[in-house]
Structures are given as structure tokens and as C-alpha cells.
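For reference, the structure discussed in these notes is given below.
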Amino acid sequence: MAMNNRIRKLNAGRDYIADNYQAPLNLPDIASYSCMSPYHFLRVFKDTYGETPNEFLMRLRIEKAKGMLITENYSVSEVCEKVGYISLGSFSSLFLKQVGMAPTLYRRKLWAMSTELYRFPAQAIPACFAYRFLGKLTK
């Protein structure tokens with residue numbers, strides 16, 4: 001019972017981060033949303049999910065940015081702001097570190113693989129995802 005309550009509290013904090021990823025977030029606010037002290041929340045979150053709340057937030061923002069870079073016609077600066085970053089330089093260097101290429105190059109490469117602008121190219125969608133939503137291809 002105590003474990004379920006802890007997980008419920010952690011999930012509330014994680015959901016709060018996911019629902020507000022574009023806003024400025026800080027550990028004390030997230031932890032209070034989970035009814036935990038900041039340091040306890042940080043420790044339990046890391047033990048449970050394998051990453052800190054900040055690492056989760058950064059990963060989520062980069063994933064959202066990747067989607068926007070492909071499916072929207074926003075500038076990289078606009079994408080940066082829409083996912084919650086103030087500094088384009090910080091966003092670009094974090095994107096490069098996590099994705100392996102700059103946001104502009106990422107967009108250019110994936111748009112080049114697509115037959116239609118602002119659409120995910122088929123080559124960028126993992127087969128397991130496609131099978132799940134499109135059904136297995138018949139031989």
C-alpha cells in the first residue's frame with residue numbers, strides 16, 4: 001500500500017512535468033505537487049525512473065522539439081521557445097548533445113527523406129510503431 005502511494009505521488013509529479021514542460025519549472029514546485037520534500041522527491045524519482053526530474057524534462061522537451069522541427073514550419077528559435085527554453089544557444093547545444101546533430105540539420109535531413117513537407121518521413125518511424133498502428137504488412 002505504501003509503495004502504491006509513493007508511485008502515485010511520483011506519477012503526479014512526472015505528469016505535472018509532462019503537462020507543463022513548456023513552462024519554467026523548478027524542483028520545489030514539482031516536489032510540492034507530489035507532496036514530498038524536494039530532495040526526497042529527487043532521490044525517489046531518480047531511483048524509480050532512472051533519471052532526475054530535470055533529465056526527464058530535458059528529454060521531453062527535446063522529443064517535443066524533434067516533432068515540431070519536422071511537422072511544423074516554426075523557426076528553430078520559435079521551437080526553442082515553444083518547448084520552454086529561453087536561450088537558443090542552450091537549446092541548440094543540448095539538442096546537439098542528445099540527438100547528435102544541430103536542430104537545423106536534423107530538420108533538413110528528415111525533410112529530405114520525406115515525400116511531403118511537414119510530415120514524418122516513413123524512414124524515421126520505427127517499424128514496431130508502424131506495425132502497432134498500421135497493422136503488420138502482409139507478404
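We label chains A, B, ... in the order they appear in the C-alpha cells, count residues from 1 in each chain, and number ligands from 1 in the order shown.
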
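Surrounding stretch 27-29 of chain A within 10 Å are Gly13, Tyr16, Cys35, Met36, Ser37, Pro38, Tyr39, Phe41, Leu42, Pro53 and Asn54 of chain A, with only C-alpha atoms counted and residues fewer than 6 positions along the same chain left out.
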
| Residue with smallest distance to A:Asp47 - pool A:Leu10, A:Lys64, A:Glu78, A:Val83, counting only C-alpha atoms | A:Leu10

| task | Counting only C-alpha atoms, figure out which residue out of A:Tyr33, A:Tyr74, A:Tyr21, A:Tyr85 gets nearest to A:Phe56. | result | A:Tyr21

| Could you pull the residues within 10 Å of A:Ala23, counting only C-alpha atoms, minus those fewer than 3 positions along the same chain, as a ChimeraX atom specification? | /A:17,19-20,26,81-85

| query | With distances taken over only C-alpha atoms, which of A:Ser32, A:Ser92, A:Met3, A:Arg14 is nearest to A:Thr52? | reply | A:Arg14

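Proximity ranking of A:Asn4, A:Ser93, A:Thr71, A:Ser34 relative to A:Met58 places A:Ser93 first, based on only C-alpha atoms.
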
| Can you list, as number ranges by chain, every protein, DNA or RNA residue that comes within 9 Å of stretch 95-99 of chain A when you count only C-alpha atoms, leaving out same-chain residues fewer than 6 positions away? | A: 59, 62, 65-66, 106

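Of note, atom CA of A:Ile86 and atom CA of A:Pro24 are spaced 9.4 Å apart.
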
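Ranking A:Leu88, A:Ala102, A:Ile7, A:Leu94 by their shortest atom-to-atom distance to A:Thr48, with only C-alpha atoms included, puts A:Ile7 first.
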
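Here atom CA of A:Ser90 stands at a distance of 15.7 Å from atom CA of A:Ser75.
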
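Residue nearest A:Leu110 within the list A:Leu69, A:Ala31, A:Tyr49, A:Gly89: A:Leu69 [criterion: smallest interatomic distance, only C-alpha atoms].
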
| atom CA of A:Leu105 to atom CA of A:Ala18, straight-line distance in Å | 26.4 Å

| request: Could you tell me, as an MDAnalysis selection string, which residues of stretch 61-103 of chain A DSSP assigns to helix (DSSP H, G or I) when given the backbone? | output: chainID A and resid 61:71 76:82 88:99 103
